[in-house]
file work.pdb (PDB, C-alpha atoms and all ligand atoms)
MODEL        1
ATOM      1  CA  MET X   1     -65.908  48.779 -16.276  1.00  0.00           C
ATOM      2  CA  PRO X   2     -62.955  48.952 -18.674  1.00  0.00           C
ATOM      3  CA  THR X   3     -62.193  52.409 -20.042  1.00  0.00           C
ATOM      4  CA  ALA X   4     -63.490  52.889 -23.577  1.00  0.00           C
ATOM      5  CA  MET X   5     -61.331  54.278 -26.377  1.00  0.00           C
ATOM      6  CA  GLU X   6     -63.049  56.147 -29.188  1.00  0.00           C
ATOM      7  CA  VAL X   7     -61.875  57.956 -32.256  1.00  0.00           C
ATOM      8  CA  PHE X   8     -63.717  60.759 -33.944  1.00  0.00           C
ATOM      9  CA  GLN X   9     -63.256  63.701 -36.223  1.00  0.00           C
ATOM     10  CA  SER X  10     -63.774  67.071 -34.593  1.00  0.00           C
ATOM     11  CA  ASP X  11     -62.265  70.321 -33.423  1.00  0.00           C
ATOM     12  CA  ILE X  12     -60.963  69.396 -29.966  1.00  0.00           C
ATOM     13  CA  THR X  13     -61.824  72.812 -28.521  1.00  0.00           C
ATOM     14  CA  THR X  14     -65.550  72.097 -28.816  1.00  0.00           C
ATOM     15  CA  LEU X  15     -65.508  69.021 -26.571  1.00  0.00           C
ATOM     16  CA  GLN X  16     -67.135  68.834 -23.171  1.00  0.00           C
ATOM     17  CA  VAL X  17     -64.633  66.581 -21.475  1.00  0.00           C
ATOM     18  CA  ASP X  18     -62.903  66.736 -18.111  1.00  0.00           C
ATOM     19  CA  ALA X  19     -59.543  67.299 -19.799  1.00  0.00           C
ATOM     20  CA  LEU X  20     -58.336  68.013 -23.239  1.00  0.00           C
ATOM     21  CA  VAL X  21     -54.720  67.565 -24.167  1.00  0.00           C
ATOM     22  CA  ASN X  22     -52.802  70.291 -25.935  1.00  0.00           C
ATOM     23  CA  ALA X  23     -49.916  69.458 -28.285  1.00  0.00           C
ATOM     24  CA  ALA X  24     -47.921  72.428 -27.040  1.00  0.00           C
ATOM     25  CA  ASN X  25     -44.377  73.608 -27.655  1.00  0.00           C
ATOM     26  CA  SER X  26     -41.824  73.731 -24.865  1.00  0.00           C
ATOM     27  CA  SER X  27     -42.395  77.417 -24.100  1.00  0.00           C
ATOM     28  CA  LEU X  28     -46.088  76.707 -23.301  1.00  0.00           C
ATOM     29  CA  LEU X  29     -46.750  80.204 -24.586  1.00  0.00           C
ATOM     30  CA  GLY X  30     -48.957  79.244 -27.489  1.00  0.00           C
ATOM     31  CA  GLY X  31     -48.261  78.436 -31.108  1.00  0.00           C
ATOM     32  CA  GLY X  32     -50.037  77.296 -34.253  1.00  0.00           C
ATOM     33  CA  GLY X  33     -52.179  74.260 -34.946  1.00  0.00           C
ATOM     34  CA  VAL X  34     -54.131  72.773 -32.080  1.00  0.00           C
ATOM     35  CA  ASP X  35     -52.183  74.890 -29.567  1.00  0.00           C
ATOM     36  CA  GLY X  36     -53.311  78.123 -31.228  1.00  0.00           C
ATOM     37  CA  ALA X  37     -56.908  76.883 -31.434  1.00  0.00           C
ATOM     38  CA  ILE X  38     -56.940  75.970 -27.726  1.00  0.00           C
ATOM     39  CA  HIS X  39     -55.512  79.333 -26.640  1.00  0.00           C
ATOM     40  CA  ARG X  40     -57.942  81.260 -28.866  1.00  0.00           C
ATOM     41  CA  ALA X  41     -60.925  79.366 -27.490  1.00  0.00           C
ATOM     42  CA  ALA X  42     -59.791  79.437 -23.848  1.00  0.00           C
ATOM     43  CA  GLY X  43     -59.035  83.159 -23.805  1.00  0.00           C
ATOM     44  CA  PRO X  44     -56.078  85.142 -22.416  1.00  0.00           C
ATOM     45  CA  GLN X  45     -56.295  83.718 -18.895  1.00  0.00           C
ATOM     46  CA  LEU X  46     -54.908  80.440 -20.194  1.00  0.00           C
ATOM     47  CA  LEU X  47     -51.761  82.157 -21.443  1.00  0.00           C
ATOM     48  CA  ALA X  48     -51.446  83.967 -18.105  1.00  0.00           C
ATOM     49  CA  GLU X  49     -51.520  80.657 -16.209  1.00  0.00           C
ATOM     50  CA  CYS X  50     -49.134  79.039 -18.703  1.00  0.00           C
ATOM     51  CA  ARG X  51     -46.592  81.819 -18.123  1.00  0.00           C
ATOM     52  CA  LEU X  52     -46.358  80.731 -14.488  1.00  0.00           C
ATOM     53  CA  LEU X  53     -45.390  77.183 -15.502  1.00  0.00           C
ATOM     54  CA  LYS X  54     -42.008  78.201 -16.960  1.00  0.00           C
ATOM     55  CA  GLY X  55     -42.214  75.867 -19.923  1.00  0.00           C
ATOM     56  CA  CYS X  56     -42.280  72.101 -20.252  1.00  0.00           C
ATOM     57  CA  GLU X  57     -39.770  69.523 -21.477  1.00  0.00           C
ATOM     58  CA  VAL X  58     -40.399  67.245 -24.441  1.00  0.00           C
ATOM     59  CA  GLY X  59     -42.269  64.133 -23.290  1.00  0.00           C
ATOM     60  CA  LYS X  60     -43.549  65.794 -20.090  1.00  0.00           C
ATOM     61  CA  ALA X  61     -46.963  67.308 -19.255  1.00  0.00           C
ATOM     62  CA  LYS X  62     -48.435  70.104 -17.126  1.00  0.00           C
ATOM     63  CA  ILE X  63     -52.040  70.872 -16.230  1.00  0.00           C
ATOM     64  CA  THR X  64     -54.007  74.136 -16.147  1.00  0.00           C
ATOM     65  CA  GLN X  65     -57.593  75.302 -15.887  1.00  0.00           C
ATOM     66  CA  ALA X  66     -59.517  75.486 -19.164  1.00  0.00           C
ATOM     67  CA  TYR X  67     -61.139  78.945 -18.735  1.00  0.00           C
ATOM     68  CA  GLN X  68     -63.586  79.622 -21.582  1.00  0.00           C
ATOM     69  CA  LEU X  69     -63.332  76.136 -23.034  1.00  0.00           C
ATOM     70  CA  PRO X  70     -66.150  73.684 -22.302  1.00  0.00           C
ATOM     71  CA  ALA X  71     -63.538  71.318 -20.795  1.00  0.00           C
ATOM     72  CA  LYS X  72     -62.486  71.534 -17.119  1.00  0.00           C
ATOM     73  CA  PHE X  73     -58.721  71.197 -17.538  1.00  0.00           C
ATOM     74  CA  VAL X  74     -56.102  71.480 -20.242  1.00  0.00           C
ATOM     75  CA  ILE X  75     -53.137  69.111 -20.068  1.00  0.00           C
ATOM     76  CA  HIS X  76     -50.236  70.593 -22.013  1.00  0.00           C
ATOM     77  CA  THR X  77     -47.716  68.115 -23.350  1.00  0.00           C
ATOM     78  CA  VAL X  78     -44.766  68.659 -25.671  1.00  0.00           C
ATOM     79  CA  GLY X  79     -44.337  66.109 -28.421  1.00  0.00           C
ATOM     80  CA  PRO X  80     -41.047  65.330 -30.141  1.00  0.00           C
ATOM     81  CA  VAL X  81     -40.138  66.849 -33.488  1.00  0.00           C
ATOM     82  CA  TRP X  82     -39.766  64.022 -36.025  1.00  0.00           C
ATOM     83  CA  ARG X  83     -36.091  63.741 -36.994  1.00  0.00           C
ATOM     84  CA  GLY X  84     -36.146  60.496 -38.954  1.00  0.00           C
ATOM     85  CA  GLY X  85     -37.085  58.085 -36.184  1.00  0.00           C
ATOM     86  CA  ASN X  86     -33.705  57.410 -34.552  1.00  0.00           C
ATOM     87  CA  HIS X  87     -33.809  60.204 -32.007  1.00  0.00           C
ATOM     88  CA  GLN X  88     -36.016  58.649 -29.320  1.00  0.00           C
ATOM     89  CA  GLU X  89     -39.117  59.991 -31.054  1.00  0.00           C
ATOM     90  CA  ALA X  90     -41.282  56.938 -30.254  1.00  0.00           C
ATOM     91  CA  ALA X  91     -40.244  56.855 -26.570  1.00  0.00           C
ATOM     92  CA  LEU X  92     -40.807  60.597 -26.211  1.00  0.00           C
ATOM     93  CA  LEU X  93     -44.183  60.425 -27.909  1.00  0.00           C
ATOM     94  CA  ALA X  94     -45.230  57.504 -25.675  1.00  0.00           C
ATOM     95  CA  SER X  95     -44.095  59.543 -22.689  1.00  0.00           C
ATOM     96  CA  CYS X  96     -46.441  62.397 -23.702  1.00  0.00           C
ATOM     97  CA  TYR X  97     -49.403  60.023 -23.484  1.00  0.00           C
ATOM     98  CA  GLN X  98     -48.175  58.430 -20.225  1.00  0.00           C
ATOM     99  CA  GLU X  99     -47.478  61.737 -18.472  1.00  0.00           C
ATOM    100  CA  SER X 100     -50.830  63.151 -19.588  1.00  0.00           C
ATOM    101  CA  LEU X 101     -52.608  60.063 -18.259  1.00  0.00           C
ATOM    102  CA  LYS X 102     -50.696  60.251 -14.974  1.00  0.00           C
ATOM    103  CA  LEU X 103     -52.048  63.776 -14.494  1.00  0.00           C
ATOM    104  CA  ALA X 104     -55.521  62.587 -15.450  1.00  0.00           C
ATOM    105  CA  ARG X 105     -55.210  59.893 -12.783  1.00  0.00           C
ATOM    106  CA  ARG X 106     -54.005  62.340 -10.149  1.00  0.00           C
ATOM    107  CA  TYR X 107     -56.888  64.727 -10.900  1.00  0.00           C
ATOM    108  CA  ARG X 108     -59.462  61.919 -10.982  1.00  0.00           C
ATOM    109  CA  ILE X 109     -60.426  62.809 -14.517  1.00  0.00           C
ATOM    110  CA  LYS X 110     -63.188  60.729 -16.094  1.00  0.00           C
ATOM    111  CA  SER X 111     -62.936  61.789 -19.732  1.00  0.00           C
ATOM    112  CA  ILE X 112     -59.942  62.948 -21.745  1.00  0.00           C
ATOM    113  CA  ALA X 113     -59.413  63.918 -25.377  1.00  0.00           C
ATOM    114  CA  PHE X 114     -56.069  63.642 -27.155  1.00  0.00           C
ATOM    115  CA  PRO X 115     -55.180  65.272 -30.477  1.00  0.00           C
ATOM    116  CA  ALA X 116     -52.674  63.544 -32.758  1.00  0.00           C
ATOM    117  CA  ILE X 117     -49.625  64.842 -30.855  1.00  0.00           C
ATOM    118  CA  SER X 118     -46.608  65.684 -33.079  1.00  0.00           C
ATOM    119  CA  CYS X 119     -48.519  64.906 -36.293  1.00  0.00           C
ATOM    120  CA  GLY X 120     -48.821  68.484 -37.529  1.00  0.00           C
ATOM    121  CA  VAL X 121     -45.914  70.906 -37.718  1.00  0.00           C
ATOM    122  CA  TYR X 122     -43.686  68.438 -35.828  1.00  0.00           C
ATOM    123  CA  GLY X 123     -43.942  66.025 -38.755  1.00  0.00           C
ATOM    124  CA  TYR X 124     -44.371  62.639 -37.041  1.00  0.00           C
ATOM    125  CA  PRO X 125     -45.712  60.106 -39.593  1.00  0.00           C
ATOM    126  CA  ILE X 126     -49.332  59.592 -38.684  1.00  0.00           C
ATOM    127  CA  ASP X 127     -49.467  55.816 -39.122  1.00  0.00           C
ATOM    128  CA  GLN X 128     -46.559  55.345 -36.702  1.00  0.00           C
ATOM    129  CA  ALA X 129     -47.804  57.993 -34.273  1.00  0.00           C
ATOM    130  CA  ALA X 130     -51.273  56.468 -34.099  1.00  0.00           C
ATOM    131  CA  VAL X 131     -49.840  53.056 -33.145  1.00  0.00           C
ATOM    132  CA  VAL X 132     -47.772  54.657 -30.371  1.00  0.00           C
ATOM    133  CA  ALA X 133     -50.787  56.643 -29.152  1.00  0.00           C
ATOM    134  CA  ILE X 134     -53.212  53.726 -29.038  1.00  0.00           C
ATOM    135  CA  GLN X 135     -50.780  51.146 -27.641  1.00  0.00           C
ATOM    136  CA  THR X 136     -49.497  53.486 -24.952  1.00  0.00           C
ATOM    137  CA  VAL X 137     -52.976  54.430 -23.781  1.00  0.00           C
ATOM    138  CA  GLN X 138     -54.069  50.803 -23.793  1.00  0.00           C
ATOM    139  CA  LEU X 139     -51.058  49.688 -21.765  1.00  0.00           C
ATOM    140  CA  PHE X 140     -51.486  52.511 -19.255  1.00  0.00           C
ATOM    141  CA  LEU X 141     -55.145  51.655 -18.713  1.00  0.00           C
ATOM    142  CA  ARG X 142     -54.253  48.002 -18.156  1.00  0.00           C
ATOM    143  CA  SER X 143     -51.502  48.899 -15.706  1.00  0.00           C
ATOM    144  CA  TRP X 144     -53.120  51.566 -13.551  1.00  0.00           C
ATOM    145  CA  GLU X 145     -56.363  51.971 -11.696  1.00  0.00           C
ATOM    146  CA  THR X 146     -57.971  55.236 -12.866  1.00  0.00           C
ATOM    147  CA  LYS X 147     -61.312  57.014 -12.828  1.00  0.00           C
ATOM    148  CA  LEU X 148     -61.190  57.286 -16.605  1.00  0.00           C
ATOM    149  CA  GLU X 149     -64.356  56.152 -18.325  1.00  0.00           C
ATOM    150  CA  ILE X 150     -63.458  57.274 -21.827  1.00  0.00           C
ATOM    151  CA  VAL X 151     -60.406  58.274 -23.828  1.00  0.00           C
ATOM    152  CA  TYR X 152     -61.073  60.107 -27.090  1.00  0.00           C
ATOM    153  CA  PHE X 153     -58.628  60.354 -29.960  1.00  0.00           C
ATOM    154  CA  VAL X 154     -59.692  63.479 -31.760  1.00  0.00           C
ATOM    155  CA  CYS X 155     -58.706  63.815 -35.388  1.00  0.00           C
ATOM    156  CA  PHE X 156     -58.940  67.105 -37.175  1.00  0.00           C
ATOM    157  CA  ASP X 157     -58.849  65.679 -40.667  1.00  0.00           C
ATOM    158  CA  LYS X 158     -60.254  62.642 -42.409  1.00  0.00           C
ATOM    159  CA  LEU X 159     -56.882  61.091 -43.214  1.00  0.00           C
ATOM    160  CA  VAL X 160     -55.809  60.984 -39.583  1.00  0.00           C
ATOM    161  CA  PHE X 161     -59.261  59.759 -38.589  1.00  0.00           C
ATOM    162  CA  ASN X 162     -59.051  56.845 -41.041  1.00  0.00           C
ATOM    163  CA  VAL X 163     -55.626  55.782 -39.750  1.00  0.00           C
ATOM    164  CA  TYR X 164     -56.783  55.764 -36.123  1.00  0.00           C
ATOM    165  CA  ARG X 165     -60.010  53.982 -36.971  1.00  0.00           C
ATOM    166  CA  LYS X 166     -58.152  51.232 -38.795  1.00  0.00           C
ATOM    167  CA  ILE X 167     -55.721  50.657 -35.916  1.00  0.00           C
ATOM    168  CA  LEU X 168     -58.411  50.766 -33.236  1.00  0.00           C
ATOM    169  CA  GLY X 169     -60.584  48.466 -35.329  1.00  0.00           C
ATOM    170  CA  SER X 170     -57.788  45.911 -35.630  1.00  0.00           C
ATOM    171  CA  LEU X 171     -57.663  45.636 -31.833  1.00  0.00           C
ATOM    172  CA  THR X 172     -61.263  44.585 -31.373  1.00  0.00           C
TER     173      THR X 172
HETATM  174  P1  LIG U   1     -47.495  69.384 -33.342  1.00  0.00           P
HETATM  175  O1  LIG U   1     -46.689  70.651 -33.275  1.00  0.00           O
HETATM  176  O2  LIG U   1     -47.398  68.544 -32.076  1.00  0.00           O
HETATM  177  O3  LIG U   1     -47.238  68.614 -34.591  1.00  0.00           O
HETATM  178  P2  LIG U   1     -49.991  70.498 -34.428  1.00  0.00           P
HETATM  179  O4  LIG U   1     -50.969  71.346 -33.709  1.00  0.00           O
HETATM  180  O5  LIG U   1     -49.236  71.145 -35.567  1.00  0.00           O
HETATM  181  O6  LIG U   1     -49.004  69.894 -33.314  1.00  0.00           O
HETATM  182  O7  LIG U   1     -50.730  69.220 -34.997  1.00  0.00           O
HETATM  183  C1  LIG U   1     -51.099  68.115 -34.226  1.00  0.00           C
HETATM  184  C2  LIG U   1     -52.380  67.504 -34.789  1.00  0.00           C
HETATM  185  O8  LIG U   1     -53.489  68.266 -34.320  1.00  0.00           O
HETATM  186  C3  LIG U   1     -52.473  67.497 -36.321  1.00  0.00           C
HETATM  187  O9  LIG U   1     -52.984  66.218 -36.737  1.00  0.00           O
HETATM  188  C4  LIG U   1     -53.482  68.604 -36.613  1.00  0.00           C
HETATM  189  O10 LIG U   1     -54.226  68.345 -37.796  1.00  0.00           O
HETATM  190  C5  LIG U   1     -54.378  68.509 -35.402  1.00  0.00           C
HETATM  191  N1  LIG U   1     -55.188  69.698 -35.080  1.00  0.00           N
HETATM  192  C6  LIG U   1     -54.992  70.993 -35.442  1.00  0.00           C
HETATM  193  N2  LIG U   1     -55.975  71.775 -34.950  1.00  0.00           N
HETATM  194  C7  LIG U   1     -56.810  70.948 -34.252  1.00  0.00           C
HETATM  195  C8  LIG U   1     -58.025  71.128 -33.523  1.00  0.00           C
HETATM  196  N3  LIG U   1     -58.591  72.334 -33.385  1.00  0.00           N
HETATM  197  N4  LIG U   1     -58.607  70.042 -32.945  1.00  0.00           N
HETATM  198  C9  LIG U   1     -58.044  68.805 -33.055  1.00  0.00           C
HETATM  199  N5  LIG U   1     -56.909  68.572 -33.723  1.00  0.00           N
HETATM  200  C10 LIG U   1     -56.302  69.618 -34.319  1.00  0.00           C
ENDMDL
END
call {"tool": "encode", "arguments": {"input": "work.pdb", "output": "structure tokens"}}
result
Amino acid sequence: MPTAMEVFQSDITTLQVDALVNAANSSLLGGGGVDGAIHRAAGPQLLAECRLLKGCEVGKAKITQAYQLPAKFVIHTVGPVWRGGNHQEAALLASCYQESLKLARRYRIKSIAFPAISCGVYGYPIDQAAVVAIQTVQLFLRSWETKLEIVYFVCFDKLVFNVYRKILGSLT
């Protein structure tokens, strides 16, 4: 069975998936946006485990338990800050998706939910970020054997949702 890709509009913290991905900052000690929402919903034990990880580089990913979240794991990845597009932003963003999926593969994860990494405070243009996200996930799934049954792209707002839906729709 090929892995399905689905887009929907939701608060990622409410999802019952094996892993949800956090668009973290390199300290891994919490922040605003989706990061803040994940830490609030998971409770203080998540921050305690994150402290042990000693941060994370841009484009890399680390995994923790999910504590009070309905998910089983949180995969923390650090997206690039948008600096005009000529500073390896696309390669670094693609790497976030690849490294997260490598962890998902290693942990035999069946369902994973990604937020729109870098598209909030980090300022990555959503139309470009969504293409990177979808193409990178698609290529990974074609290249590697995984246990993944479904990959969700979770959009917090309607605008982001519409962009993803259009791009995913153009593939089928
Ligand atoms: P970054 O610093 O990587 O830009 P942000 O958290 O600021 O990360 O934003 C990334 C994306 O996550 C944005 O599109 C934002 O609207 C979205 N977002 C914020 N809160 C949530 C949430 N609870 N669930 C899903 N997506 C969210």
call {"tool": "resolve_selection", "arguments": {"input": "work.pdb", "expression": "the PyMOL selection byres (((chain X and resi 113) around 6) and not hetatm)", "output": "list in words"}}
result
Leu20, Ile112, Phe114, Val151, Tyr152 and Phe153 of chain X
call {"tool": "resolve_selection", "arguments": {"input": "work.pdb", "expression": "the PyMOL selection byres (((chain X and resi 104) around 12) and not hetatm)", "output": "compact mmCIF listing (two decimals) with C-alpha atoms, in the frame of the given file"}}
result
# COMPACT_ATOMS: atom_id res chain seq x y z
CA VAL X 17 -64.63 66.58 -21.48
CA ASP X 18 -62.90 66.74 -18.11
CA ALA X 19 -59.54 67.30 -19.80
CA LEU X 20 -58.34 68.01 -23.24
CA VAL X 21 -54.72 67.56 -24.17
CA ALA X 61 -46.96 67.31 -19.26
CA LYS X 62 -48.44 70.10 -17.13
CA ILE X 63 -52.04 70.87 -16.23
CA THR X 64 -54.01 74.14 -16.15
CA LYS X 72 -62.49 71.53 -17.12
CA PHE X 73 -58.72 71.20 -17.54
CA VAL X 74 -56.10 71.48 -20.24
CA ILE X 75 -53.14 69.11 -20.07
CA HIS X 76 -50.24 70.59 -22.01
CA TYR X 97 -49.40 60.02 -23.48
CA GLN X 98 -48.18 58.43 -20.23
CA GLU X 99 -47.48 61.74 -18.47
CA SER X 100 -50.83 63.15 -19.59
CA LEU X 101 -52.61 60.06 -18.26
CA LYS X 102 -50.70 60.25 -14.97
CA LEU X 103 -52.05 63.78 -14.49
CA ARG X 105 -55.21 59.89 -12.78
CA ARG X 106 -54.00 62.34 -10.15
CA TYR X 107 -56.89 64.73 -10.90
CA ARG X 108 -59.46 61.92 -10.98
CA ILE X 109 -60.43 62.81 -14.52
CA LYS X 110 -63.19 60.73 -16.09
CA SER X 111 -62.94 61.79 -19.73
CA ILE X 112 -59.94 62.95 -21.74
CA ALA X 113 -59.41 63.92 -25.38
CA PHE X 114 -56.07 63.64 -27.16
CA VAL X 137 -52.98 54.43 -23.78
CA PHE X 140 -51.49 52.51 -19.26
CA LEU X 141 -55.14 51.66 -18.71
CA TRP X 144 -53.12 51.57 -13.55
CA GLU X 145 -56.36 51.97 -11.70
CA THR X 146 -57.97 55.24 -12.87
CA LYS X 147 -61.31 57.01 -12.83
CA LEU X 148 -61.19 57.29 -16.60
CA GLU X 149 -64.36 56.15 -18.32
CA ILE X 150 -63.46 57.27 -21.83
CA VAL X 151 -60.41 58.27 -23.83
call {"tool": "closest_atom_pairs", "arguments": {"input": "work.pdb", "of": "stretch 85-152 of chain X", "to": "stretch 31-42 of chain X", "cutoff": "10 Å", "atoms": "all atoms listed in the file", "output": "Markdown table"}}
result
| residue | atom | partner | partner_atom | distance |
| --- | --- | --- | --- | --- |
| X:Pro115 | CA | X:Val34 | CA | 7.7 |
| X:Ala116 | CA | X:Val34 | CA | 9.4 |
| X:Ile117 | CA | X:Val34 | CA | 9.2 |
| X:Gly120 | CA | X:Gly33 | CA | 7.2 |
| X:Val121 | CA | X:Gly33 | CA | 7.6 |
call {"tool": "closest_residue", "arguments": {"input": "work.pdb", "among": "X:Cys119, X:Ala24, X:Ile12, X:Ala71", "to": "X:Glu57", "atoms": "all atoms listed in the file"}}
result
X:Ala24
call {"tool": "resolve_selection", "arguments": {"input": "work.pdb", "expression": "the PyMOL selection byres (((chain X and resi 161) around 12) and not hetatm)", "output": "ChimeraX atom specification"}}
result
/X:6-10,115-116,126-127,130,152-160,162-169
call {"tool": "atom_distance", "arguments": {"input": "work.pdb", "atom1": "atom CA of X:Met5", "atom2": "atom CA of X:Asn86"}}
result
29.0 Å
call {"tool": "axis_aligned_box", "arguments": {"input": "work.pdb", "around": "ligand LIG 1 (chain U)", "padding_each_side": "6 Å", "output": "AutoDock Vina command-line options"}}
result
--center_x -52.6 --center_y 69.3 --center_z -34.9 --size_x 23.9 --size_y 18.1 --size_z 17.7
call {"tool": "atom_distance", "arguments": {"input": "work.pdb", "atom1": "atom CA of X:Gln128", "atom2": "atom CA of X:Leu29"}}
result
27.7 Å
call {"tool": "atom_distance", "arguments": {"input": "work.pdb", "atom1": "atom C1 of ligand LIG 1 (chain U)", "atom2": "atom CA of X:Tyr122"}}
result
7.6 Å
call {"tool": "residues_around", "arguments": {"input": "work.pdb", "residues": "X:Cys56", "least_positions_apart": "2", "cutoff": "9 Å", "atoms": "all atoms listed in the file", "output": "PyMOL selection string"}}
result
chain X and resi 24-28+53-54+58-62+76-78
call {"tool": "closest_residue", "arguments": {"input": "work.pdb", "among": "X:Asp11, X:Ala48, X:Asn22, X:Pro2", "to": "ligand LIG 1 (chain U)", "atoms": "all atoms listed in the file"}}
result
X:Asp11
call {"tool": "build_atoms", "arguments": {"input": "work.pdb", "residues": "stretch 62-69 of chain X", "atoms": "all heavy atoms", "output": "PDB file, in the coordinates of the input"}}
result
ATOM      1  N   LYS X  62     -48.014  69.230 -18.230  1.00  0.00           N
ATOM      2  CA  LYS X  62     -48.435  70.104 -17.126  1.00  0.00           C
ATOM      3  C   LYS X  62     -49.914  70.429 -17.292  1.00  0.00           C
ATOM      4  O   LYS X  62     -50.416  70.479 -18.421  1.00  0.00           O
ATOM      5  CB  LYS X  62     -47.606  71.386 -17.123  1.00  0.00           C
ATOM      6  CG  LYS X  62     -46.122  71.130 -16.804  1.00  0.00           C
ATOM      7  CD  LYS X  62     -45.336  72.401 -16.575  1.00  0.00           C
ATOM      8  CE  LYS X  62     -43.901  72.054 -16.168  1.00  0.00           C
ATOM      9  NZ  LYS X  62     -43.075  73.263 -15.951  1.00  0.00           N
ATOM     10  N   ILE X  63     -50.586  70.678 -16.187  1.00  0.00           N
ATOM     11  CA  ILE X  63     -52.040  70.872 -16.230  1.00  0.00           C
ATOM     12  C   ILE X  63     -52.421  72.303 -15.844  1.00  0.00           C
ATOM     13  O   ILE X  63     -51.760  72.910 -14.996  1.00  0.00           O
ATOM     14  CB  ILE X  63     -52.734  69.823 -15.321  1.00  0.00           C
ATOM     15  CG1 ILE X  63     -54.246  69.779 -15.556  1.00  0.00           C
ATOM     16  CG2 ILE X  63     -52.409  70.048 -13.861  1.00  0.00           C
ATOM     17  CD1 ILE X  63     -54.914  68.524 -14.985  1.00  0.00           C
ATOM     18  N   THR X  64     -53.445  72.823 -16.513  1.00  0.00           N
ATOM     19  CA  THR X  64     -54.007  74.136 -16.147  1.00  0.00           C
ATOM     20  C   THR X  64     -55.528  74.047 -16.147  1.00  0.00           C
ATOM     21  O   THR X  64     -56.106  73.055 -16.597  1.00  0.00           O
ATOM     22  CB  THR X  64     -53.622  75.233 -17.171  1.00  0.00           C
ATOM     23  OG1 THR X  64     -54.226  74.905 -18.440  1.00  0.00           O
ATOM     24  CG2 THR X  64     -52.121  75.388 -17.327  1.00  0.00           C
ATOM     25  N   GLN X  65     -56.149  75.137 -15.714  1.00  0.00           N
ATOM     26  CA  GLN X  65     -57.593  75.302 -15.887  1.00  0.00           C
ATOM     27  C   GLN X  65     -57.882  75.462 -17.383  1.00  0.00           C
ATOM     28  O   GLN X  65     -56.965  75.714 -18.166  1.00  0.00           O
ATOM     29  CB  GLN X  65     -58.077  76.557 -15.154  1.00  0.00           C
ATOM     30  CG  GLN X  65     -57.769  76.584 -13.672  1.00  0.00           C
ATOM     31  CD  GLN X  65     -58.483  75.475 -12.927  1.00  0.00           C
ATOM     32  OE1 GLN X  65     -59.683  75.273 -13.092  1.00  0.00           O
ATOM     33  NE2 GLN X  65     -57.741  74.743 -12.115  1.00  0.00           N
ATOM     34  N   ALA X  66     -59.167  75.402 -17.734  1.00  0.00           N
ATOM     35  CA  ALA X  66     -59.517  75.486 -19.164  1.00  0.00           C
ATOM     36  C   ALA X  66     -60.245  76.791 -19.518  1.00  0.00           C
ATOM     37  O   ALA X  66     -60.583  77.011 -20.687  1.00  0.00           O
ATOM     38  CB  ALA X  66     -60.358  74.289 -19.569  1.00  0.00           C
ATOM     39  N   TYR X  67     -60.534  77.619 -18.523  1.00  0.00           N
ATOM     40  CA  TYR X  67     -61.139  78.945 -18.735  1.00  0.00           C
ATOM     41  C   TYR X  67     -62.374  78.885 -19.627  1.00  0.00           C
ATOM     42  O   TYR X  67     -63.308  78.195 -19.279  1.00  0.00           O
ATOM     43  CB  TYR X  67     -60.049  79.938 -19.197  1.00  0.00           C
ATOM     44  CG  TYR X  67     -58.972  79.996 -18.140  1.00  0.00           C
ATOM     45  CD1 TYR X  67     -57.772  79.277 -18.270  1.00  0.00           C
ATOM     46  CD2 TYR X  67     -59.198  80.674 -16.945  1.00  0.00           C
ATOM     47  CE1 TYR X  67     -56.817  79.263 -17.256  1.00  0.00           C
ATOM     48  CE2 TYR X  67     -58.247  80.667 -15.927  1.00  0.00           C
ATOM     49  CZ  TYR X  67     -57.073  79.975 -16.096  1.00  0.00           C
ATOM     50  OH  TYR X  67     -56.147  79.950 -15.089  1.00  0.00           O
ATOM     51  N   GLN X  68     -62.340  79.548 -20.802  1.00  0.00           N
ATOM     52  CA  GLN X  68     -63.586  79.622 -21.582  1.00  0.00           C
ATOM     53  C   GLN X  68     -63.890  78.384 -22.428  1.00  0.00           C
ATOM     54  O   GLN X  68     -64.892  78.354 -23.155  1.00  0.00           O
ATOM     55  CB  GLN X  68     -63.544  80.854 -22.474  1.00  0.00           C
ATOM     56  CG  GLN X  68     -63.804  82.129 -21.676  1.00  0.00           C
ATOM     57  CD  GLN X  68     -63.250  83.361 -22.363  1.00  0.00           C
ATOM     58  OE1 GLN X  68     -63.502  83.585 -23.544  1.00  0.00           O
ATOM     59  NE2 GLN X  68     -62.491  84.145 -21.626  1.00  0.00           N
ATOM     60  N   LEU X  69     -63.041  77.383 -22.322  1.00  0.00           N
ATOM     61  CA  LEU X  69     -63.332  76.136 -23.034  1.00  0.00           C
ATOM     62  C   LEU X  69     -64.417  75.351 -22.291  1.00  0.00           C
ATOM     63  O   LEU X  69     -64.532  75.482 -21.067  1.00  0.00           O
ATOM     64  CB  LEU X  69     -62.071  75.261 -23.089  1.00  0.00           C
ATOM     65  CG  LEU X  69     -60.959  75.699 -24.032  1.00  0.00           C
ATOM     66  CD1 LEU X  69     -59.654  75.032 -23.628  1.00  0.00           C
ATOM     67  CD2 LEU X  69     -61.315  75.355 -25.473  1.00  0.00           C
TER      68      LEU X  69
END
